[in-house]
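Source file: work10.cif; contents: mmCIF, C-alpha atoms.
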```cif
data_upload
loop_
_atom_site.label_atom_id
_atom_site.label_comp_id
_atom_site.auth_asym_id
_atom_site.auth_seq_id
_atom_site.Cartn_x
_atom_site.Cartn_y
_atom_site.Cartn_z
CA MET A 1 -16.84 13.24 -33.52
CA LEU A 2 -18.55 10.01 -32.48
CA HIS A 3 -21.01 8.49 -34.93
CA GLY A 4 -24.03 6.75 -33.47
CA THR A 5 -27.57 7.18 -32.23
CA PRO A 6 -28.52 9.58 -29.41
CA LEU A 7 -28.31 8.13 -25.91
CA ARG A 8 -31.87 8.16 -24.55
CA ALA A 9 -33.50 7.14 -21.27
CA GLY A 10 -32.56 3.61 -20.33
CA GLY A 11 -29.84 3.42 -22.96
CA ALA A 12 -27.01 3.25 -20.40
CA PRO A 13 -26.65 2.69 -16.66
CA GLY A 14 -26.34 5.75 -14.46
CA THR A 15 -22.68 6.70 -14.51
CA LEU A 16 -20.27 9.38 -13.33
CA LEU A 17 -17.51 10.19 -15.80
CA PHE A 18 -14.56 12.26 -14.57
CA LEU A 19 -13.06 14.05 -17.58
CA GLY A 20 -9.56 15.46 -17.59
CA GLY A 21 -8.25 18.36 -19.64
CA ALA A 22 -7.63 21.94 -18.60
CA ASP A 23 -10.08 21.16 -15.76
CA LEU A 24 -11.38 18.09 -13.98
CA ARG A 25 -15.01 17.85 -15.04
CA LEU A 26 -17.78 15.63 -13.77
CA LEU A 27 -20.15 14.37 -16.45
CA THR A 28 -23.26 12.87 -14.88
CA VAL A 29 -25.22 10.40 -16.99
CA ARG A 30 -28.56 9.61 -15.35
CA ALA A 31 -30.24 6.29 -16.03
CA LYS A 32 -33.74 7.79 -16.08
CA ALA A 33 -32.95 10.91 -18.09
CA PRO A 34 -29.53 10.76 -19.72
CA VAL A 35 -28.97 14.49 -19.99
CA SER A 36 -25.34 15.43 -19.43
CA ALA A 37 -24.75 17.92 -16.62
CA THR A 38 -21.15 19.05 -16.58
CA SER A 39 -19.58 20.71 -13.57
CA VAL A 40 -15.98 21.61 -12.83
CA VAL A 41 -14.19 20.08 -9.86
CA PRO A 42 -11.53 22.52 -8.56
CA VAL A 43 -8.00 21.25 -9.14
CA ALA A 44 -5.67 24.24 -8.77
CA GLY A 45 -3.26 24.42 -5.86
CA ASP A 46 -3.48 27.14 -3.21
CA ALA A 47 -1.05 29.98 -2.64
CA THR A 48 1.32 27.77 -0.66
CA ASP A 49 1.17 24.92 -3.17
CA PRO A 50 1.37 26.43 -6.66
CA LEU A 51 1.10 24.24 -9.72
CA GLY A 52 2.80 26.70 -12.01
CA PRO A 53 1.40 28.13 -15.25
CA ASP A 54 -1.37 26.34 -17.13
CA PRO A 55 -1.76 23.20 -15.04
CA ALA A 56 -3.95 20.46 -16.48
CA VAL A 57 -5.20 16.97 -15.62
CA ARG A 58 -2.64 14.48 -16.97
CA GLN A 59 -3.90 11.18 -15.55
CA ILE A 60 -7.15 9.85 -14.07
CA ILE A 61 -7.34 6.37 -12.57
CA SER A 62 -10.32 4.56 -11.08
CA VAL A 63 -9.89 3.37 -7.49
CA THR A 64 -12.16 1.78 -4.92
CA GLY A 65 -14.48 4.53 -3.71
CA GLY A 66 -13.71 7.15 -6.35
CA VAL A 67 -11.03 8.37 -8.73
CA VAL A 68 -7.52 9.77 -8.40
CA ALA A 69 -6.41 12.61 -10.67
CA LEU A 70 -2.91 13.92 -11.31
CA VAL A 71 -2.61 17.64 -12.09
CA TYR A 72 0.59 19.41 -13.11
CA GLY A 73 2.10 22.00 -15.42
CA TYR A 74 5.29 22.00 -17.49
CA GLY A 75 8.39 23.80 -16.22
CA SER A 76 12.03 24.05 -17.21
CA ALA A 77 13.13 22.12 -20.32
CA GLY A 78 9.46 21.47 -21.04
CA LEU A 79 9.38 18.67 -18.45
CA PRO A 80 6.50 17.88 -16.06
CA ASP A 81 6.73 19.72 -12.76
CA ILE A 82 5.76 18.08 -9.48
CA GLY A 83 1.96 18.37 -9.29
CA ASP A 84 -0.99 17.44 -7.10
CA VAL A 85 -2.39 13.93 -6.73
CA LEU A 86 -6.06 14.32 -5.78
CA PHE A 87 -8.49 11.70 -4.52
CA VAL A 88 -12.15 12.43 -5.31
CA PRO A 89 -14.47 10.24 -3.20
CA VAL A 90 -17.72 8.95 -4.68
CA ASP A 91 -20.64 7.39 -2.83
CA ALA A 92 -24.39 6.99 -3.32
CA SER A 93 -24.92 10.73 -3.00
CA GLY A 94 -22.38 11.59 -5.70
CA ALA A 95 -18.87 13.04 -5.76
CA GLY A 96 -17.31 14.61 -2.70
CA SER A 97 -14.63 17.27 -2.41
CA PRO A 98 -11.19 16.36 -3.76
CA ARG A 99 -8.38 15.98 -1.27
CA LEU A 100 -4.64 16.19 -1.81
CA ILE A 101 -2.94 12.84 -1.09
CA ALA A 102 0.53 13.31 -2.61
CA ARG A 103 2.79 15.51 -4.72
CA ALA A 104 4.06 13.79 -7.84
CA ASN A 105 4.31 13.90 -11.62
CA TYR A 106 3.52 10.22 -12.37
CA MET A 107 1.22 7.68 -10.75
CA ALA A 108 -0.08 4.13 -11.23
CA LEU A 109 -2.87 2.07 -9.71
CA ALA A 110 -1.70 -0.53 -7.19
CA PRO A 111 -2.76 -4.15 -7.79
CA ASP A 112 -5.27 -3.93 -4.91
CA GLY A 113 -7.30 -1.39 -6.94
CA ARG A 114 -7.48 0.91 -3.94
CA ASP A 115 -4.08 2.56 -3.42
CA VAL A 116 -1.72 4.36 -5.82
CA TRP A 117 1.99 4.38 -6.48
CA VAL A 118 3.29 7.92 -7.05
CA GLU A 119 6.63 9.13 -8.37
CA GLN A 120 8.47 12.44 -8.28
CA ALA A 121 10.41 11.79 -11.48
CA GLY A 122 13.58 13.71 -12.25
CA PRO A 123 15.24 14.26 -15.64
CA PRO A 124 14.73 13.11 -18.35
CA TRP A 125 11.11 12.46 -17.32
CA GLY A 126 10.32 15.44 -15.12
CA ASN A 127 11.52 18.25 -12.89
CA GLY A 128 11.59 16.16 -9.73
CA PRO A 129 14.54 14.98 -7.62
CA ALA A 130 17.38 13.22 -9.41
CA GLY A 131 16.70 9.97 -7.56
CA SER A 132 13.07 9.88 -8.76
CA PRO A 133 11.54 8.70 -5.46
CA ALA A 134 8.37 6.57 -5.62
CA TRP A 135 6.09 5.29 -2.86
CA LEU A 136 2.66 3.81 -2.22
CA ALA A 137 -0.09 6.10 -0.84
CA ASP A 138 -3.68 5.53 0.22
CA GLU A 139 -6.79 7.68 -0.31
CA ASN A 140 -6.00 9.71 2.82
CA GLY A 141 -2.43 10.46 1.80
CA ARG A 142 -0.84 8.00 4.21
CA ASP A 143 2.42 6.45 2.99
CA LEU A 144 2.05 2.68 2.83
CA SER A 145 5.59 1.82 1.79
CA GLY A 146 9.14 3.01 2.04
CA VAL A 147 10.58 5.23 -0.67
CA ARG A 148 11.92 3.38 -3.71
CA HIS A 149 14.30 5.47 -5.87
CA LEU A 150 13.72 4.73 -9.56
CA ASN A 151 16.89 6.61 -10.62
CA GLY A 152 16.13 7.97 -14.07
CA GLN A 153 13.28 5.56 -14.78
CA VAL A 154 9.63 6.50 -15.04
CA LEU A 155 6.70 4.62 -13.52
CA VAL A 156 4.54 2.98 -16.22
CA ALA A 157 2.37 0.60 -14.17
CA ALA A 158 2.19 -1.22 -10.85
CA THR A 159 1.63 -4.93 -11.40
CA VAL A 160 1.40 -8.13 -9.39
CA SER A 161 5.01 -8.85 -10.41
CA GLY A 162 6.45 -5.43 -9.54
CA LEU A 163 6.72 -1.87 -10.80
CA LEU A 164 6.90 -1.60 -14.59
CA VAL A 165 9.32 1.22 -15.40
CA GLN A 166 10.92 2.73 -18.49
CA ASP A 167 14.36 4.28 -18.92
CA ALA A 168 15.59 7.12 -21.13
CA ALA A 169 16.20 4.69 -24.01
CA GLN A 170 12.53 3.59 -23.82
CA ASN A 171 13.48 0.15 -22.47
CA VAL A 172 11.06 -1.35 -19.95
CA ALA A 173 11.85 -3.40 -16.85
CA LEU A 174 10.20 -4.78 -13.72
CA ILE A 175 11.39 -3.74 -10.27
CA ASP A 176 10.59 -5.48 -7.00
CA PRO A 177 9.25 -2.57 -4.92
CA ALA A 178 10.46 -4.15 -1.68
CA SER A 179 14.06 -4.86 -2.66
CA GLY A 180 14.59 -2.58 -5.65
CA ARG A 181 16.04 -5.49 -7.61
CA ALA A 182 15.03 -6.33 -11.16
CA ALA A 183 12.26 -8.91 -11.47
CA PRO A 184 11.74 -11.31 -14.40
CA LEU A 185 9.87 -9.70 -17.28
CA ARG A 186 8.19 -11.90 -19.87
CA ILE A 187 8.28 -9.30 -22.64
CA PRO A 188 11.18 -7.81 -24.64
CA ALA A 189 12.88 -4.85 -22.94
CA ASP A 190 12.42 -2.70 -26.05
CA ALA A 191 8.71 -3.54 -26.48
CA THR A 192 6.20 -0.77 -27.16
CA ILE A 193 3.60 -0.85 -24.39
CA ALA A 194 0.00 -0.54 -25.59
CA GLY A 195 -1.81 -1.05 -22.27
CA THR A 196 -1.48 -2.60 -18.82
CA ASP A 197 -3.41 -3.74 -15.81
CA ALA A 198 -2.26 -5.46 -12.61
CA ASP A 199 -2.01 -8.85 -14.34
CA ASP A 200 -1.38 -8.19 -18.04
CA VAL A 201 0.76 -6.18 -20.45
CA ALA A 202 -0.32 -5.50 -24.04
CA TRP A 203 2.65 -4.77 -26.29
CA GLN A 204 4.10 -4.77 -29.77
CA ALA A 205 7.62 -5.50 -30.96
CA ALA A 206 9.80 -2.39 -31.23
CA ALA A 207 10.76 -3.02 -34.87
CA CYS A 208 7.20 -3.56 -35.99
CA PRO A 209 6.71 -4.75 -39.60
CA VAL A 210 3.50 -4.52 -41.58
CA GLN A 211 0.74 -6.57 -39.94
CA CYS A 212 2.60 -6.51 -36.62
CA PRO A 213 0.58 -8.51 -34.06
CA LEU A 214 -0.45 -7.27 -30.64
CA HIS A 215 0.81 -9.46 -27.79
CA VAL A 216 -0.93 -9.75 -24.42
CA THR A 217 1.30 -11.32 -21.78
CA GLY A 218 -0.05 -12.44 -18.42
CA LEU A 219 2.32 -11.62 -15.57
CA ARG A 220 1.07 -14.57 -13.53
CA GLY A 221 2.19 -17.00 -16.24
CA GLY A 222 0.28 -18.78 -18.96
CA PRO A 223 0.62 -18.57 -22.74
CA ASP A 224 1.19 -15.33 -24.60
CA THR A 225 -1.90 -14.20 -26.57
CA GLN A 226 -1.33 -12.80 -30.05
CA LEU A 227 -3.91 -10.78 -31.98
CA ALA A 228 -3.71 -9.75 -35.62
CA LEU A 229 -4.60 -6.07 -35.96
CA PRO A 230 -6.52 -4.69 -38.97
CA PRO A 231 -4.36 -3.68 -41.94
CA HIS A 232 -3.03 -0.12 -41.95
CA THR A 233 -3.70 0.55 -38.26
CA VAL A 234 -1.31 1.78 -35.59
CA ILE A 235 -1.44 2.28 -31.84
CA SER A 236 -1.16 5.89 -30.63
CA ALA A 237 0.52 6.63 -27.30
CA ASN A 238 -1.88 9.55 -26.81
CA ASP A 239 -4.97 7.30 -26.79
CA THR A 240 -6.01 5.25 -23.75
CA SER A 241 -6.73 1.52 -23.91
CA ASP A 242 -8.28 -0.42 -21.03
CA PHE A 243 -8.55 -4.02 -19.80
CA ASP A 244 -11.96 -4.96 -18.43
CA PRO A 245 -12.19 -5.85 -14.70
CA ALA A 246 -11.97 -9.58 -15.47
CA GLY A 247 -8.88 -9.12 -17.66
CA GLN A 248 -10.56 -10.94 -20.55
CA ARG A 249 -11.20 -8.03 -22.91
CA LEU A 250 -9.10 -5.10 -24.04
CA ALA A 251 -10.65 -1.91 -25.43
CA LEU A 252 -8.13 -0.59 -27.94
CA PRO A 253 -8.26 2.64 -29.98
CA LEU A 254 -6.42 2.23 -33.29
CA ASP A 255 -5.48 4.93 -35.78
CA ALA A 256 -6.10 4.14 -39.43
CA THR A 257 -3.39 5.26 -41.88
CA ASN A 258 -3.25 5.78 -45.64
CA SER A 259 -0.55 4.54 -48.03
CA GLN A 260 1.73 7.42 -46.94
CA GLY A 261 1.36 6.52 -43.28
CA VAL A 262 -0.78 9.58 -42.50
CA VAL A 263 -3.46 9.08 -39.86
CA THR A 264 -6.96 9.37 -41.34
CA GLY A 265 -9.12 8.61 -38.31
CA THR A 266 -9.50 6.48 -35.18
CA SER A 267 -11.72 3.51 -34.36
CA VAL A 268 -12.12 1.60 -31.11
CA TYR A 269 -11.85 -2.19 -31.10
CA VAL A 270 -12.60 -4.76 -28.41
CA ALA A 271 -10.18 -7.68 -28.20
CA ASP A 272 -11.58 -10.88 -26.71
CA LEU A 273 -8.45 -12.50 -25.29
CA ARG A 274 -9.95 -15.96 -24.85
CA ALA A 275 -11.41 -16.16 -28.36
CA ARG A 276 -8.52 -14.16 -29.82
CA THR A 277 -10.91 -12.04 -31.84
CA LEU A 278 -11.09 -8.33 -32.52
CA THR A 279 -14.47 -6.55 -32.85
CA LYS A 280 -14.83 -3.01 -34.12
CA VAL A 281 -17.10 -0.80 -32.03
CA PRO A 282 -19.83 0.66 -34.28
CA GLY A 283 -19.64 4.30 -35.19
CA GLY A 284 -16.09 4.93 -36.39
CA PRO A 285 -13.91 6.30 -37.62
CA ILE A 286 -13.48 9.32 -35.37
CA PRO A 287 -12.22 12.10 -37.66
CA VAL A 288 -8.78 13.64 -37.44
CA ALA A 289 -8.63 17.03 -35.72
CA ALA A 290 -7.15 19.86 -37.76
CA LEU A 291 -5.85 21.82 -34.78
CA PRO A 292 -2.24 22.35 -33.60
CA ALA A 293 -1.06 20.71 -30.41
CA VAL A 294 -1.35 23.02 -27.38
CA LEU A 295 0.79 22.55 -24.28
CA GLY A 296 -1.63 21.62 -21.53
CA ALA A 297 -4.29 20.73 -24.06
CA LEU A 298 -3.85 18.23 -26.88
CA PRO A 299 -0.59 16.28 -26.42
CA ALA A 300 2.16 17.15 -28.87
CA GLY A 301 1.95 15.28 -32.15
CA SER A 302 -1.65 14.16 -31.75
CA SER A 303 -4.48 14.54 -34.25
CA ASP A 304 -7.31 13.50 -31.95
CA VAL A 305 -7.38 11.80 -28.56
CA VAL A 306 -9.63 8.83 -27.82
CA SER A 307 -10.02 7.08 -24.46
CA ALA A 308 -11.98 3.92 -23.68
CA ARG A 309 -12.95 2.68 -20.20
CA TRP A 310 -14.88 -0.27 -18.79
CA PRO A 311 -16.96 0.42 -15.67
CA ALA A 312 -15.91 -1.45 -12.53
CA ALA A 313 -19.33 -3.10 -12.33
CA GLY A 314 -22.00 -3.70 -14.94
CA PRO A 315 -21.86 -4.10 -18.70
CA GLY A 316 -20.79 -1.77 -21.43
CA LEU A 317 -17.90 0.33 -22.63
CA TRP A 318 -17.56 4.12 -22.41
CA ILE A 319 -15.64 6.11 -25.03
CA VAL A 320 -14.63 9.77 -24.90
CA ALA A 321 -13.07 11.65 -27.83
CA THR A 322 -11.74 15.20 -28.06
CA ASP A 323 -10.56 17.30 -30.99
CA GLY A 324 -9.00 20.21 -29.11
CA LEU A 325 -12.15 22.34 -28.90
CA TYR A 326 -14.92 19.87 -28.05
CA PHE A 327 -15.37 16.49 -26.44
CA GLN A 328 -18.02 13.82 -26.81
CA ALA A 329 -18.90 10.69 -24.83
CA GLY A 330 -20.47 7.50 -26.10
CA TYR A 331 -21.64 4.18 -24.64
CA TRP A 332 -21.63 0.74 -26.26
CA SER A 333 -23.44 -2.12 -24.55
CA GLY A 334 -21.62 -4.73 -26.63
CA GLN A 335 -24.55 -5.03 -29.03
CA GLY A 336 -26.31 -2.65 -31.38
CA PRO A 337 -25.17 0.88 -32.23
CA LEU A 338 -22.93 3.23 -30.29
CA ARG A 339 -25.09 5.53 -28.15
CA VAL A 340 -23.73 9.08 -28.05
CA LEU A 341 -24.24 12.18 -25.95
CA PRO A 342 -24.14 15.64 -27.56
CA SER A 343 -20.67 17.14 -27.93
CA ALA A 344 -19.69 19.86 -25.45
CA ALA A 345 -17.06 22.58 -25.39
CA GLY A 346 -13.78 21.71 -23.72
CA LEU A 347 -11.02 19.11 -23.62
CA ALA A 348 -11.29 15.58 -22.30
CA TYR A 349 -8.22 13.56 -23.26
CA ARG A 350 -8.31 11.46 -20.08
CA PHE A 351 -11.28 10.10 -18.17
CA GLY A 352 -12.10 7.72 -15.36
CA ILE A 353 -15.11 5.96 -13.87
CA PRO A 354 -15.31 5.55 -10.07
CA GLY A 355 -14.22 2.12 -8.86
CA THR A 356 -17.23 1.72 -6.62
CA GLY A 357 -20.16 3.77 -5.37
CA ALA A 358 -23.76 4.08 -6.42
CA PRO A 359 -24.41 5.71 -9.80
CA ALA A 360 -26.42 8.86 -10.18
CA ALA A 361 -30.14 8.36 -9.56
#
```

This entry written out as structure tokens:
Amino acid sequence: MLHGTPLRAGGAPGTLLFLGGADLRLLTVRAKAPVSATSVVPVAGDATDPLGPDPAVRQIISVTGGVVALVYGYGSAGLPDIGDVLFVPVDASGAGSPRLIARANYMALAPDGRDVWVEQAGPPWGNGPAGSPAWLADENGRDLSGVRHLNGQVLVAATVSGLLVQDAAQNVALIDPASGRAAPLRIPADATIAGTDADDVAWQAAACPVQCPLHVTGLRGGPDTQLALPPHTVISANDTSDFDPAGQRLALPLDATNSQGVVTGTSVYVADLRARTLTKVPGGPIPVAALPAVLGALPAGSSDVVSARWPAAGPGLWIVATDGLYFQAGYWSGQGPLRVLPSAAGLAYRFGIPGTGAPAA
């Protein structure tokens, strides 16, 4: 899937990659001998806390001291059931046992990088309560806020300006989590969201013409950044983009299309927001998968799934691609070729890197 040179000793810092698909897997990349050792972290609920048929990892976010994973299955009307929110601690000795911190079907990283907002979304977004309650939880499952009812809106991100939510008509808004009132939003309500962090929103106009620019809007103020995307490329909602910890670069998977609008492959680009430049990561394009979508596996309507993540500390960009049967990870230092690990059986359409903690020895 990924095109590059083999990742050899010293080619990347020691890293733990948590991969999400039908299981939560831990891929250990060792700095001295970068041989992947994959193990499965248990995610299924117990007899008193069932997750329903065919649960899978839907989200993974990096937090201080580890990662948080959201696991759920689909129930009535094909909507997400309430699932398990699991915190997996990571320290110098490696990953610890996951612990249940909430029950939800959506989550978002809080601006402090440590806690998580969780939501039990009701229709049309999930099989939760009609009021769609949301609250802030810490790594031990303690509630850090009162319950805020999102009332038919789904949690997209938690930002310094409020909770970014989306309604059934795909319109986005900001909500003050303390008062529940709407907060000013510096992007159009019908914008297509391409990526977020605590301070920034990357978006495109809803009615996007040819050569539609990507906008990056800072929620603390400042000018809007516009980036021209390569011709015949589109953003896929199934892929995962990522702002670097400094908020100055955006890793962005883009699907290439032919004259009929059919996706022909995916490449990852790095947007430098200060220089307003776009650099293609070596090694693309990632080929289109020829497999049908599988509930709990590849998201519906996808051809391949590509995720990009910056580590919380240190240089480099990690990329994981999956085609429905196999996954493959690669590392780019910012210079030279993409360094790739061998492909392995399984799905990995989400992944996260621990927010802190010593890498594998």

Determine, counting all atoms listed in the file, which protein, DNA and RNA residues have an atom within 7 Å of an atom of Asp167 of chain A; residues of the same chain fewer than 2 positions away are not included. Present the result as a list in words. Gly152, Gln153, Val154, Val165, Ala169, Gln170, Asn171 and Val172 of chain A

Which of these residues is nearest to Asn127 of chain A, using only C-alpha atoms: A:Ala77, A:Leu2, A:Ile175, A:Leu100?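 Going through A:Ala77, A:Leu2, A:Ile175, A:Leu100 one by one, the smallest distance to Asn127 of chain A is for A:Ala77.
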
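Under the PyMOL selection byres ((chain A and resi 15) around 9), the matching residues in the shown file are A:Ala12, A:Pro13, A:Gly14, A:Leu16, A:Leu17, A:Leu27, A:Thr28, A:Val29, A:Arg30, A:Ala31, A:Pro311, A:Ile353, A:Pro354, A:Ala358, A:Pro359, A:Ala360.
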
Atom CA of Leu250 of chain A and atom CA of Leu273 of chain A are how many Å apart?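 A separation of 7.5 Å between them.
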
Which one is closest to Val288 of chain A: A:Gly265, A:Gly221, A:Pro231, A:Pro80? Count only C-alpha atoms.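 Distance minimum relative to Val288 of chain A lands on A:Gly265.
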
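For the pair atom CA of Val88 of chain A and atom CA of Arg25 of chain A, the separation is 11.5 Å.
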